[in-house]
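Enquirer: Data file query03.cif (mmCIF, C-alpha atoms and all ligand atoms) is appended below.
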data_final
#
loop_
_atom_site.label_atom_id
_atom_site.label_comp_id
_atom_site.auth_asym_id
_atom_site.auth_seq_id
_atom_site.Cartn_x
_atom_site.Cartn_y
_atom_site.Cartn_z
CA MET A 4 40.65 29.85 -43.07
CA LEU A 5 39.90 26.15 -42.66
CA THR A 6 37.04 24.93 -40.52
CA VAL A 7 37.87 22.72 -37.54
CA ASP A 8 36.68 19.66 -39.43
CA GLU A 9 38.67 20.46 -42.57
CA ALA A 10 41.81 21.09 -40.54
CA LEU A 11 41.37 17.85 -38.60
CA ALA A 12 40.86 15.86 -41.80
CA ARG A 13 44.14 17.25 -43.19
CA LEU A 14 46.00 16.51 -39.95
CA LEU A 15 44.77 12.93 -39.86
CA ASP A 16 45.43 12.28 -43.54
CA GLY A 17 48.20 9.70 -43.87
CA VAL A 18 48.65 9.10 -40.13
CA ARG A 19 49.54 5.46 -39.58
CA PRO A 20 49.58 3.44 -36.35
CA THR A 21 52.97 2.94 -34.71
CA ASN A 22 54.60 -0.49 -34.60
CA GLY A 23 53.89 -2.93 -31.83
CA GLU A 24 56.07 -3.70 -28.84
CA HIS A 25 55.92 -6.60 -26.43
CA VAL A 26 55.20 -5.56 -22.83
CA ALA A 27 54.28 -7.31 -19.61
CA VAL A 28 50.51 -7.42 -19.13
CA ALA A 29 51.08 -5.94 -15.69
CA ASP A 30 52.63 -2.85 -17.36
CA ALA A 31 49.98 -2.48 -20.07
CA LEU A 32 47.68 0.02 -18.34
CA GLY A 33 46.62 2.71 -20.83
CA ARG A 34 48.38 1.01 -23.74
CA VAL A 35 46.53 -0.11 -26.88
CA SER A 36 46.60 -3.74 -28.02
CA VAL A 37 47.81 -4.33 -31.57
CA GLU A 38 45.32 -7.19 -31.92
CA SER A 39 41.62 -6.44 -31.59
CA SER A 40 41.00 -9.86 -30.01
CA LEU A 41 43.11 -12.62 -28.48
CA PRO A 42 42.45 -16.37 -28.27
CA ALA A 43 42.31 -17.69 -24.71
CA ALA A 44 45.01 -20.32 -24.15
CA ASN A 45 43.29 -21.32 -20.92
CA ALA A 46 39.70 -21.45 -19.76
CA VAL A 47 38.64 -19.08 -17.00
CA PRO A 48 38.01 -20.56 -14.55
CA PRO A 49 40.22 -23.51 -15.53
CA PHE A 50 38.14 -26.02 -13.51
CA ALA A 51 34.62 -26.28 -12.06
CA ASN A 52 34.58 -24.73 -8.60
CA SER A 53 32.38 -23.48 -5.82
CA ALA A 54 30.95 -19.95 -5.67
CA MET A 55 30.35 -20.24 -1.91
CA ASP A 56 31.73 -21.69 1.29
CA GLY A 57 29.49 -24.69 2.02
CA PHE A 58 28.98 -28.32 1.06
CA ALA A 59 29.41 -29.92 -2.37
CA LEU A 60 26.85 -32.65 -2.85
CA ARG A 61 24.35 -34.20 -5.23
CA ALA A 62 21.06 -32.37 -5.68
CA ALA A 63 19.29 -35.68 -6.37
CA ASP A 64 19.71 -36.62 -2.69
CA GLY A 65 17.04 -34.01 -1.89
CA ASP A 66 16.69 -32.83 1.70
CA ALA A 67 18.30 -35.92 3.29
CA ALA A 68 21.33 -35.49 5.58
CA ARG A 69 24.69 -36.44 3.96
CA ARG A 70 27.83 -37.99 5.39
CA VAL A 71 30.79 -35.56 5.22
CA ILE A 72 33.68 -37.44 3.61
CA GLY A 73 36.32 -34.73 3.22
CA GLU A 74 37.18 -31.19 2.31
CA SER A 75 38.03 -29.21 -0.83
CA ARG A 76 39.85 -25.95 -0.29
CA ALA A 77 41.29 -23.48 -2.77
CA GLY A 78 44.76 -24.70 -3.72
CA GLY A 79 44.36 -27.81 -1.54
CA PRO A 80 44.68 -31.52 -2.41
CA ARG A 81 42.07 -33.34 -4.50
CA ALA A 82 38.92 -34.16 -2.50
CA PRO A 83 37.27 -37.61 -2.52
CA VAL A 84 34.55 -38.44 -5.07
CA VAL A 85 31.07 -37.51 -3.89
CA GLU A 86 28.65 -40.38 -4.16
CA THR A 87 24.99 -40.60 -3.26
CA GLY A 88 24.46 -39.74 0.42
CA THR A 89 27.82 -37.99 0.85
CA ALA A 90 29.09 -34.42 0.83
CA VAL A 91 32.44 -32.61 0.81
CA ARG A 92 33.04 -29.46 2.81
CA ILE A 93 34.05 -26.85 0.21
CA MET A 94 35.46 -23.30 0.17
CA THR A 95 34.90 -20.56 -2.40
CA GLY A 96 37.06 -21.17 -5.47
CA ALA A 97 37.92 -24.76 -4.48
CA PRO A 98 37.51 -27.45 -7.17
CA MET A 99 34.14 -29.22 -7.25
CA PRO A 100 34.81 -32.84 -6.27
CA ASP A 101 33.94 -35.42 -8.93
CA GLY A 102 30.38 -36.58 -8.51
CA ALA A 103 29.13 -33.37 -6.88
CA ASP A 104 26.84 -31.08 -8.88
CA THR A 105 25.58 -28.54 -6.36
CA VAL A 106 26.80 -26.45 -3.41
CA VAL A 107 24.70 -25.72 -0.34
CA PRO A 108 26.05 -22.61 1.38
CA ILE A 109 27.20 -22.95 4.96
CA GLU A 110 24.34 -20.65 6.03
CA ASN A 111 21.79 -23.26 4.85
CA ALA A 112 23.50 -26.30 6.34
CA GLU A 113 24.35 -27.69 9.73
CA GLU A 114 27.25 -30.06 10.31
CA ARG A 115 27.14 -32.33 13.34
CA ALA A 116 28.74 -35.66 14.20
CA GLY A 117 30.12 -36.28 10.72
CA MET A 118 26.80 -35.52 9.02
CA VAL A 119 25.47 -32.41 7.31
CA ALA A 120 21.78 -31.53 7.35
CA VAL A 121 20.42 -29.14 4.71
CA ALA A 122 17.61 -26.65 5.34
CA ALA A 123 15.85 -27.59 2.10
CA ALA A 124 16.38 -29.71 -1.01
CA PRO A 125 18.87 -27.72 -3.15
CA SER A 126 18.19 -27.08 -6.80
CA PHE A 127 20.60 -28.71 -9.22
CA GLY A 128 23.77 -26.74 -10.04
CA THR A 129 23.34 -23.97 -7.48
CA HIS A 130 26.60 -22.13 -6.60
CA HIS A 131 28.48 -24.36 -9.01
CA ARG A 132 30.78 -22.44 -11.38
CA ALA A 133 31.50 -24.42 -14.53
CA ALA A 134 34.97 -24.52 -16.09
CA GLY A 135 35.09 -21.79 -18.76
CA LEU A 136 32.11 -19.96 -17.28
CA ASP A 137 33.85 -16.62 -17.87
CA VAL A 138 36.06 -17.48 -20.87
CA ARG A 139 36.10 -20.73 -22.81
CA ARG A 140 39.46 -22.11 -23.91
CA GLY A 141 40.21 -20.94 -27.46
CA GLN A 142 37.51 -18.29 -27.30
CA PHE A 143 38.48 -14.99 -28.94
CA VAL A 144 38.35 -12.33 -26.24
CA PRO A 145 37.66 -8.89 -27.70
CA LEU A 146 39.97 -6.04 -26.73
CA PRO A 147 37.88 -2.95 -27.35
CA ARG A 148 39.63 -0.24 -29.37
CA SER A 149 40.47 1.80 -26.30
CA PRO A 150 43.33 2.03 -23.81
CA ILE A 151 43.78 -1.08 -21.67
CA THR A 152 41.95 -0.80 -18.33
CA PRO A 153 42.67 -2.43 -14.95
CA SER A 154 39.86 -4.93 -15.58
CA ALA A 155 41.32 -5.87 -18.99
CA ILE A 156 44.68 -6.45 -17.27
CA GLY A 157 42.90 -8.68 -14.75
CA LEU A 158 41.18 -10.64 -17.51
CA LEU A 159 44.40 -11.14 -19.50
CA ALA A 160 46.20 -12.28 -16.35
CA ALA A 161 43.33 -14.65 -15.49
CA MET A 162 43.76 -16.14 -18.99
CA GLY A 163 47.39 -16.81 -18.10
CA LEU A 164 48.81 -14.20 -20.48
CA ALA A 165 52.10 -12.68 -19.28
CA HIS A 166 52.87 -10.40 -22.27
CA ILE A 167 50.93 -8.51 -24.89
CA ASP A 168 51.76 -6.60 -28.09
CA VAL A 169 50.81 -2.95 -27.76
CA ARG A 170 51.33 0.08 -29.97
CA ARG A 171 54.55 1.95 -29.29
CA ARG A 172 53.79 5.28 -27.64
CA PRO A 173 54.16 8.03 -30.25
CA ARG A 174 57.12 10.25 -29.35
CA VAL A 175 56.20 13.91 -29.37
CA ALA A 176 58.90 16.60 -29.36
CA ILE A 177 57.72 19.75 -27.56
CA LEU A 178 59.23 23.15 -28.26
CA SER A 179 58.42 26.36 -26.42
CA THR A 180 59.41 29.55 -28.21
CA GLY A 181 59.62 33.05 -26.76
CA ASP A 182 62.26 35.43 -25.39
CA GLU A 183 60.03 36.12 -22.36
CA LEU A 184 59.89 32.54 -21.09
CA ARG A 185 61.59 31.25 -17.95
CA ASP A 186 61.47 27.97 -16.07
CA PRO A 187 59.33 27.77 -12.94
CA GLY A 188 61.49 27.89 -9.82
CA PHE A 189 63.61 30.82 -11.07
CA PRO A 190 62.93 34.50 -10.36
CA LEU A 191 61.36 36.56 -13.13
CA GLY A 192 63.06 39.59 -14.65
CA HIS A 193 61.36 42.53 -16.35
CA GLY A 194 58.69 41.37 -18.81
CA GLU A 195 59.28 37.70 -18.19
CA ILE A 196 56.73 34.94 -17.56
CA TYR A 197 56.96 31.28 -16.70
CA ASP A 198 56.82 28.68 -19.45
CA ALA A 199 53.47 27.01 -18.82
CA ASN A 200 53.12 25.34 -22.19
CA ALA A 201 56.04 22.92 -22.09
CA PRO A 202 54.90 21.08 -18.94
CA ALA A 203 51.19 21.39 -19.81
CA LEU A 204 51.64 20.02 -23.32
CA ALA A 205 53.93 17.25 -22.06
CA ALA A 206 51.17 16.24 -19.63
CA ALA A 207 48.58 16.38 -22.42
CA VAL A 208 50.82 14.13 -24.55
CA ILE A 209 51.02 11.60 -21.71
CA GLU A 210 47.27 11.80 -21.15
CA SER A 211 46.73 11.03 -24.84
CA GLY A 212 49.00 7.97 -24.78
CA GLY A 213 52.18 9.57 -26.16
CA GLU A 214 55.70 10.03 -24.85
CA PRO A 215 56.84 13.66 -24.56
CA LEU A 216 60.34 14.85 -25.31
CA ILE A 217 60.78 18.44 -24.16
CA LEU A 218 63.29 20.25 -26.36
CA GLU A 219 65.49 23.08 -25.15
CA ARG A 220 63.44 26.27 -25.33
CA ALA A 221 64.11 28.55 -28.31
CA ARG A 222 64.40 32.32 -28.31
CA ASP A 223 62.47 34.21 -30.99
CA GLU A 224 65.24 33.74 -33.53
CA PRO A 225 64.81 31.75 -36.74
CA GLY A 226 68.19 30.03 -36.28
CA ALA A 227 67.41 28.86 -32.75
CA ILE A 228 63.97 27.59 -33.74
CA GLU A 229 65.36 25.87 -36.82
CA ALA A 230 68.04 24.06 -34.82
CA ARG A 231 65.48 22.74 -32.31
CA VAL A 232 63.02 21.68 -35.02
CA ARG A 233 65.78 19.79 -36.88
CA LYS A 234 66.71 18.00 -33.68
CA GLY A 235 63.10 17.28 -32.73
CA VAL A 236 62.04 15.75 -36.06
CA ASP A 237 65.08 13.48 -35.89
CA GLN A 238 63.90 11.96 -32.64
CA ALA A 239 60.12 12.11 -32.70
CA ASP A 240 57.01 10.97 -34.56
CA LEU A 241 55.51 14.44 -34.24
CA LEU A 242 56.77 17.88 -33.22
CA ILE A 243 54.62 20.50 -31.51
CA ALA A 244 55.89 24.02 -31.04
CA SER A 245 54.05 26.73 -29.16
CA GLY A 246 54.23 30.48 -29.64
CA GLY A 247 55.72 32.46 -32.49
CA VAL A 248 53.16 31.22 -34.98
CA SER A 249 51.14 34.38 -35.55
CA VAL A 250 51.82 37.49 -37.59
CA GLY A 251 53.97 39.42 -35.10
CA ASN A 252 57.43 40.75 -35.97
CA HIS A 253 59.03 38.01 -33.92
CA ASP A 254 56.93 35.04 -35.03
CA HIS A 255 59.22 32.68 -36.94
CA VAL A 256 57.77 29.19 -36.52
CA ARG A 257 55.84 29.26 -39.79
CA SER A 258 58.78 30.41 -41.87
CA VAL A 259 61.02 27.78 -40.27
CA ILE A 260 58.53 25.02 -41.23
CA GLU A 261 58.40 26.42 -44.78
CA GLN A 262 62.17 26.56 -44.96
CA LEU A 263 62.82 23.05 -43.66
CA GLY A 264 59.83 21.33 -45.23
CA THR A 265 56.34 22.17 -46.40
CA LEU A 266 53.58 24.20 -44.79
CA ASP A 267 50.05 22.88 -45.33
CA PHE A 268 47.95 25.53 -43.55
CA TRP A 269 48.34 28.08 -40.80
CA ARG A 270 44.90 29.35 -39.82
CA ILE A 271 41.77 27.65 -38.51
CA ALA A 272 38.35 29.19 -37.81
CA VAL A 273 38.45 28.21 -34.17
CA GLN A 274 38.30 30.15 -30.92
CA PRO A 275 40.61 29.99 -29.11
CA GLY A 276 43.45 29.09 -31.45
CA LYS A 277 43.13 30.77 -34.83
CA PRO A 278 46.85 30.78 -35.68
CA LEU A 279 47.85 27.12 -35.92
CA ALA A 280 50.47 26.08 -38.41
CA PHE A 281 50.69 22.57 -39.81
CA GLY A 282 53.33 21.18 -42.09
CA ARG A 283 55.91 18.45 -42.46
CA VAL A 284 59.65 18.34 -42.14
CA GLY A 285 60.67 15.21 -43.99
CA GLU A 286 58.05 12.67 -42.97
CA VAL A 287 57.43 14.16 -39.56
CA PRO A 288 54.34 16.28 -38.98
CA VAL A 289 55.10 19.62 -37.33
CA ILE A 290 52.38 21.62 -35.63
CA GLY A 291 52.88 25.21 -34.47
CA LEU A 292 50.34 25.82 -31.72
CA PRO A 293 49.43 29.33 -30.57
CA GLY A 294 51.42 30.63 -27.59
CA ASN A 295 48.56 31.56 -25.32
CA PRO A 296 48.30 28.61 -22.93
CA VAL A 297 44.54 28.15 -23.29
CA SER A 298 44.81 28.27 -27.08
CA ALA A 299 47.70 25.81 -26.99
CA LEU A 300 45.86 23.33 -24.78
CA VAL A 301 42.48 23.60 -26.48
CA THR A 302 43.99 23.18 -29.95
CA PHE A 303 46.04 20.26 -28.62
CA GLU A 304 42.76 18.73 -27.50
CA LEU A 305 41.05 19.32 -30.85
CA PHE A 306 43.88 18.47 -33.22
CA VAL A 307 46.89 16.83 -31.60
CA ARG A 308 45.05 14.38 -29.37
CA PRO A 309 43.08 12.81 -32.27
CA MET A 310 46.38 12.55 -34.18
CA LEU A 311 48.10 10.74 -31.31
CA ARG A 312 45.11 8.46 -30.96
CA ALA A 313 45.24 7.67 -34.69
CA MET A 314 48.91 6.74 -34.20
CA LEU A 315 47.73 4.34 -31.50
CA GLY A 316 45.10 2.84 -33.79
CA LEU A 317 42.27 4.59 -31.94
CA ILE A 318 39.43 6.53 -33.51
CA GLY A 319 38.26 10.04 -32.65
CA ASP A 320 39.18 12.09 -29.60
CA GLY A 321 37.82 9.63 -27.04
CA ARG A 322 35.83 12.36 -25.28
CA LEU A 323 32.21 11.99 -24.28
CA ARG A 324 29.78 14.60 -25.55
CA VAL A 325 26.58 15.68 -23.87
CA THR A 326 24.04 18.34 -24.67
CA ALA A 327 24.10 21.09 -22.06
CA ARG A 328 21.92 24.12 -21.47
CA VAL A 329 23.55 27.49 -20.77
CA THR A 330 22.07 29.96 -18.33
CA GLU A 331 24.09 33.02 -19.33
CA THR A 332 25.24 35.05 -22.30
CA ILE A 333 28.83 34.29 -23.24
CA GLY A 334 30.18 36.32 -26.14
CA LYS A 335 32.29 34.87 -28.95
CA ASP A 336 33.62 35.62 -32.42
CA PRO A 337 30.78 34.81 -34.87
CA THR A 338 33.24 33.90 -37.64
CA ARG A 339 34.76 31.01 -35.68
CA ARG A 340 33.58 27.90 -33.85
CA ALA A 341 34.16 28.46 -30.15
CA TYR A 342 35.17 25.99 -27.47
CA LEU A 343 34.14 27.76 -24.28
CA ARG A 344 35.56 26.72 -20.94
CA VAL A 345 32.61 25.61 -18.80
CA ARG A 346 31.60 23.49 -15.88
CA VAL A 347 28.91 20.97 -16.76
CA ASP A 348 26.75 19.53 -14.02
CA ARG A 349 23.50 17.61 -13.80
CA ASP A 350 20.31 19.59 -13.52
CA ALA A 351 17.38 17.24 -12.84
CA ASP A 352 17.38 14.98 -15.93
CA SER A 353 19.52 17.22 -18.16
CA TYR A 354 22.95 18.88 -18.13
CA ARG A 355 23.72 22.51 -17.43
CA ALA A 356 26.84 24.45 -18.48
CA ILE A 357 28.19 27.40 -16.51
CA ALA A 358 31.16 29.50 -17.63
CA ALA A 359 34.20 28.39 -15.64
CA GLY A 360 35.47 32.00 -15.63
CA GLY A 361 36.76 34.48 -18.19
CA GLN A 362 37.10 33.20 -21.72
CA GLY A 363 40.38 34.96 -22.56
CA SER A 364 42.91 32.71 -24.27
CA SER A 365 45.56 33.58 -21.69
CA GLN A 366 43.36 32.65 -18.72
CA LEU A 367 44.43 29.21 -17.56
CA LEU A 368 42.54 29.24 -14.27
CA PRO A 369 39.10 28.87 -15.93
CA LEU A 370 40.41 26.05 -18.14
CA ALA A 371 41.92 24.32 -15.12
CA SER A 372 38.56 24.53 -13.32
CA ALA A 373 36.48 23.53 -16.37
CA ASN A 374 35.33 19.97 -16.96
CA ALA A 375 34.09 20.59 -20.49
CA LEU A 376 34.44 22.64 -23.65
CA LEU A 377 31.11 24.00 -24.85
CA ILE A 378 31.00 23.94 -28.65
CA VAL A 379 29.26 27.04 -29.99
CA PRO A 380 29.03 27.09 -33.79
CA GLU A 381 30.10 29.63 -36.38
CA GLY A 382 27.42 32.23 -37.03
CA VAL A 383 26.58 32.65 -33.35
CA ALA A 384 27.84 35.83 -31.64
CA ALA A 385 26.91 34.86 -28.08
CA THR A 386 25.29 32.00 -26.24
CA GLU A 387 21.62 32.51 -25.52
CA PRO A 388 20.39 31.69 -22.03
CA GLY A 389 18.18 28.61 -22.16
CA CYS A 390 19.76 27.34 -25.38
CA SER A 391 21.54 23.99 -25.50
CA TYR A 392 24.90 23.28 -27.10
CA GLU A 393 27.14 20.27 -27.41
CA ALA A 394 29.71 19.95 -24.62
CA MET A 395 32.88 17.91 -24.96
CA LEU A 396 33.69 16.46 -21.54
CA LEU A 397 37.32 16.68 -20.41
CA GLY A 398 36.67 15.16 -17.01
CA GLY A 399 33.97 13.72 -14.79
CA ILE A 400 30.74 15.39 -13.77
CA THR A 401 30.42 15.95 -10.04
P1 LIG B 1 52.97 34.28 -29.27
O1 LIG B 1 52.13 33.31 -30.02
O2 LIG B 1 54.40 33.92 -29.25
O3 LIG B 1 52.74 35.68 -29.75
O4 LIG B 1 52.48 34.23 -27.78
C1 LIG B 1 51.15 34.62 -27.43
C2 LIG B 1 51.05 34.79 -25.94
O5 LIG B 1 51.31 33.56 -25.31
C3 LIG B 1 52.04 35.77 -25.35
O6 LIG B 1 51.39 36.45 -24.30
C4 LIG B 1 53.14 34.87 -24.82
O7 LIG B 1 53.86 35.46 -23.76
C5 LIG B 1 52.35 33.69 -24.35
N1 LIG B 1 53.14 32.47 -24.36
C6 LIG B 1 53.86 31.99 -25.41
N2 LIG B 1 54.49 30.85 -25.08
C7 LIG B 1 54.15 30.59 -23.79
C8 LIG B 1 54.51 29.56 -22.89
N3 LIG B 1 55.31 28.56 -23.25
N4 LIG B 1 53.99 29.61 -21.63
C9 LIG B 1 53.17 30.62 -21.27
N5 LIG B 1 52.80 31.61 -22.08
C10 LIG B 1 53.29 31.61 -23.33
MG MG B 2 56.11 34.75 -28.76
#
Now, as a test, write the supplied structure out as structure tokens.
Expert:
Amino acid sequence: MLTVDEALARLLDGVRPTNGEHVAVADALGRVSVESSLPAANAVPPFANSAMDGFALRAADGDAARRVIGESRAGGPRAPVVETGTAVRIMTGAPMPDGADTVVPIENAEERAGMVAVAAAPSFGTHHRAAGLDVRRGQFVPLPRSPITPSAIGLLAAMGLAHIDVRRRPRVAILSTGDELRDPGFPLGHGEIYDANAPALAAAVIESGGEPLILERARDEPGAIEARVRKGVDQADLLIASGGVSVGNHDHVRSVIEQLGTLDFWRIAVQPGKPLAFGRVGEVPVIGLPGNPVSALVTFELFVRPMLRAMLGLIGDGRLRVTARVTETIGKDPTRRAYLRVRVDRDADSYRAIAAGGQGSSQLLPLASANALLIVPEGVAATEPGCSYEAMLLGGIT
């Protein structure tokens, strides 16, 4: 059995980033820029302007009253030149008139009969925003190796950029296998359950920056699975199946991968998720995830998400890790590294982890209420109250 780290290294081996595509900056949320920095074609701000509503004037005139000679408003016409003894009424974001070096906010000024009196002599340059204060023209603006955020979109737009090259979203074919599976919305017959994995894995693909393609579900028949896998690898960068990957009489995913391509490994020392098959059909990686929904989602998190991120040019799993103290005994298989479903919260100046419910690999409710996976190493048979372990955060801490 491979360790988690060995398995991940094999999965990531040879993964290359997808090609770029040109998209509108306004549509680039969550996408990953092909370039790690971009030169600014325009300065931000493009011209010197006022940070306050007030009066643009010359600091050298001290505390003397100034004659108001005009107005500068955002988007308005050019204001007259400010000379000694004069001032221009100015609004936030409006261009600084030539000759003015300082803005006195309206709160510190009083305008009467064409003159403005200031409460005190202003210091030079106050409330004056220089051209290029935020970004100089030609400056290389770094785009951190992470999905594009709303603030990055704002910055790119402020620089005047309408389009950007981003990595194409990796297409992930998703295949559920199992005679017992039905679609939600239909009544269940004897021994049937709803297919939770197809929609959950599709959502996980989207969350990781990919584009899901849900294949028609396959019954536990080699021919049906083979037909879907052939179709999936034709259309996708990666295929993930769930179910049928273990050693049961009706588990055919592994043999189908072997038949159509090559199987690299099929077991990992991880809990949940021991049976996980990885191989290739042609060039396309194929991963057979375990059928139990918690196993499928946790192994997606550990193995598929880093793969999708590598295809986007990103490193690692992008999850924060904290050290959290457990207060209870949670049993696990000592031969495997466990990822326990927990809720992490703050406890004074440290973090505390509490089991989010039962740790069975079919129990989705605890996973859905967890905000972290607590990583308990091989060799440990149960968590010890008071001991701290690494927790991989899946969501925020409330
Ligand atoms: P298998 O790996 O096919 O033996 O499946 C292991 C367990 O996961 C069984 O209880 C299956 O019924 C269940 N299971 C398999 N696929 C799904 C699915 N798509 N949605 C929900 N449960 C599933
Ligand atoms: Mg099955």
Enquirer: Could you check which of A:Thr105, A:Ser298, A:Thr129, A:Thr401 is closest to Gln362 (chain A), using all atoms listed in the file?
Expert: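 Using all atoms listed in the file, Gln362 (chain A) sits closest to A:Ser298.
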Enquirer: How many Å separate CA of Pro83 (chain A) from CA of Arg69 (chain A)?
Expert: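 A separation of 14.2 Å between them.
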Enquirer: Select from chain A every residue with an atom at most 8 Å from any atom of ligand LIG 1 (chain B), then for each give the shortest pair of atoms and their distance in Å to one decimal, using all atoms listed in the file, rows by chain and rising number, as a tab-separated table.
Expert:
residue	atom	partner	partner_atom	distance
A:Ser179	CA	B:LIG1	N3	5.0
A:Thr180	CA	B:LIG1	N2	6.0
A:Gly181	CA	B:LIG1	N2	5.8
A:Glu183	CA	B:LIG1	O7	6.4
A:Leu184	CA	B:LIG1	C8	6.4
A:Ile196	CA	B:LIG1	C9	6.7
A:Tyr197	CA	B:LIG1	C9	6.0
A:Asp198	CA	B:LIG1	N4	3.7
A:Ala199	CA	B:LIG1	N4	3.9
A:Asn200	CA	B:LIG1	N3	4.0
A:Ala201	CA	B:LIG1	N3	5.8
A:Ser245	CA	B:LIG1	N2	5.8
A:Gly246	CA	B:LIG1	O2	3.5
A:Gly247	CA	B:LIG1	O2	3.8
A:Val248	CA	B:LIG1	O1	5.5
A:Ser249	CA	B:LIG1	O1	5.7
A:Gly251	CA	B:LIG1	O3	6.6
A:His253	CA	B:LIG1	O2	7.7
A:Asp254	CA	B:LIG1	O2	6.4
A:Leu292	CA	B:LIG1	O1	7.9
A:Pro293	CA	B:LIG1	O1	4.8
A:Gly294	CA	B:LIG1	C6	3.5
A:Asn295	CA	B:LIG1	O5	3.4
A:Pro296	CA	B:LIG1	N5	5.5
A:Ser365	CA	B:LIG1	O5	6.8
Enquirer: Please produce an output containing C-alpha atoms for each residue in the selection, written as a compact mmCIF listing (two decimals), keeping the file's coordinate frame.
Expert:
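Contents of part.txt, as written:
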# COMPACT_ATOMS: atom_id res chain seq x y z
CA SER A 179 58.42 26.36 -26.42
CA THR A 180 59.41 29.55 -28.21
CA GLY A 181 59.62 33.05 -26.76
CA GLU A 183 60.03 36.12 -22.36
CA LEU A 184 59.89 32.54 -21.09
CA ILE A 196 56.73 34.94 -17.56
CA TYR A 197 56.96 31.28 -16.70
CA ASP A 198 56.82 28.68 -19.45
CA ALA A 199 53.47 27.01 -18.82
CA ASN A 200 53.12 25.34 -22.19
CA ALA A 201 56.04 22.92 -22.09
CA SER A 245 54.05 26.73 -29.16
CA GLY A 246 54.23 30.48 -29.64
CA GLY A 247 55.72 32.46 -32.49
CA VAL A 248 53.16 31.22 -34.98
CA SER A 249 51.14 34.38 -35.55
CA GLY A 251 53.97 39.42 -35.10
CA HIS A 253 59.03 38.01 -33.92
CA ASP A 254 56.93 35.04 -35.03
CA LEU A 292 50.34 25.82 -31.72
CA PRO A 293 49.43 29.33 -30.57
CA GLY A 294 51.42 30.63 -27.59
CA ASN A 295 48.56 31.56 -25.32
CA PRO A 296 48.30 28.61 -22.93
CA SER A 365 45.56 33.58 -21.69
Enquirer: Grab the CA of Arg61 (chain A) to CA of Gly128 (chain A) distance for me, in Å with one decimal place.
Expert: 8.9 Å
Enquirer: Which protein, DNA or RNA residues are at most 8 Å from (57.2, 25.2, -43.9) in the file's coordinates when you count only C-alpha atoms, listed as number ranges by chain?
Expert: A: 257-267, 282-284
Enquirer: Only C-alpha atoms, please: the residues just picked out, written as a compact mmCIF listing (two decimals), in the coordinates of the input.
Expert:
# COMPACT_ATOMS: atom_id res chain seq x y z
CA ARG A 257 55.84 29.26 -39.79
CA SER A 258 58.78 30.41 -41.87
CA VAL A 259 61.02 27.78 -40.27
CA ILE A 260 58.53 25.02 -41.23
CA GLU A 261 58.40 26.42 -44.78
CA GLN A 262 62.17 26.56 -44.96
CA LEU A 263 62.82 23.05 -43.66
CA GLY A 264 59.83 21.33 -45.23
CA THR A 265 56.34 22.17 -46.40
CA LEU A 266 53.58 24.20 -44.79
CA ASP A 267 50.05 22.88 -45.33
CA GLY A 282 53.33 21.18 -42.09
CA ARG A 283 55.91 18.45 -42.46
CA VAL A 284 59.65 18.34 -42.14
Enquirer: Write out as a count of residues only which residues come within 9 Å of region 351-360 of chain A when counting all atoms listed in the file, dropping same-chain ones fewer than 4 positions away.
Expert: 26
Enquirer: What are the centre and edge lengths in Å, to one decimal, of the axis-aligned box around all listed atoms of region 234-252 of chain A with 3 Å added on each side, as AutoDock Vina command-line options?
Expert:
--center_x 58.9 --center_y 25.9 --center_z -33.4 --size_x 21.6 --size_y 35.8 --size_z 14.4
Enquirer: Within 8 Å of (30.9, 33.2, -38.8) in the file's own coordinates, which protein, DNA or RNA residues have an atom, counting only C-alpha atoms? List them as a list in words.
Expert: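 Every polymer residue passing the test: Asp336, Pro337, Thr338, Arg339, Arg340, Glu381, Gly382 and Val383 of chain A.
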Enquirer: Out of A:Arg76, A:Val169, A:Leu317, A:Phe303, which residue has the shortest atom-to-atom distance to Leu32 (chain A) when counting only C-alpha atoms?
Expert: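 For Leu32 (chain A), the nearest of the candidates is A:Val169.
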Enquirer: Just want the 7 Å neighbourhood of region 111-125 of chain A, counted on all atoms listed in the file, with same-chain residues fewer than 4 positions away dropped. Output as a list in words.
Expert: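 Within the cut-off, the hits are Ala62, Gly65, Asp66, Ala67, Ala68, Arg69, Arg70, Val71 and Val107 of chain A.
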Enquirer: Please determine, counting all atoms listed in the file, which residue among A:Asp56, A:Glu110, A:Asp8, A:Asp104 has the shortest atom-to-atom distance to Arg92 (chain A).
Expert: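 Nearest to Arg92 (chain A): A:Asp56.
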Enquirer: For Gln142 (chain A), which residue out of A:Pro42, A:Gly213, A:Gly57, A:Gly398 is the nearest one, using all atoms listed in the file?
Expert: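 Among the listed residues, A:Pro42 lies closest to Gln142 (chain A).
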Enquirer: Looking at only C-alpha atoms and all ligand atoms, which of A:Ile378, A:Leu15, A:Ala239, A:Ile228 is the one that sits closest to ligand MG 2 (chain B)?
Expert: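 Of all the options, A:Ile228 lies closest to ligand MG 2 (chain B).
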Enquirer: Measuring atom to atom with only C-alpha atoms and all ligand atoms, identify which of A:His131, A:Arg312, A:Arg222, A:Arg140 is nearest to ligand MG 2 (chain B).
Expert: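 Answer, going by the shortest atom-to-atom distance: A:Arg222.
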Enquirer: Grab the CA of Met162 (chain A) to CA of Leu41 (chain A) distance for me, in Å with one decimal place.
Expert: 10.1 Å
Enquirer: List the neighbours of Ile290 (chain A) out to 7 Å using all atoms listed in the file; skip same-chain residues closer than 6 positions along the sequence, and give me the result as a JSON list (two decimals) with C-alpha atoms, in the frame of the given file.
Expert:
[["chain", "number", "residue", "atom", "x", "y", "z"],
["A", 242, "LEU", "CA", 56.77, 17.88, -33.22],
["A", 243, "ILE", "CA", 54.62, 20.50, -31.51],
["A", 244, "ALA", "CA", 55.89, 24.02, -31.04],
["A", 280, "ALA", "CA", 50.47, 26.08, -38.41],
["A", 281, "PHE", "CA", 50.69, 22.57, -39.81],
["A", 282, "GLY", "CA", 53.33, 21.18, -42.09]]
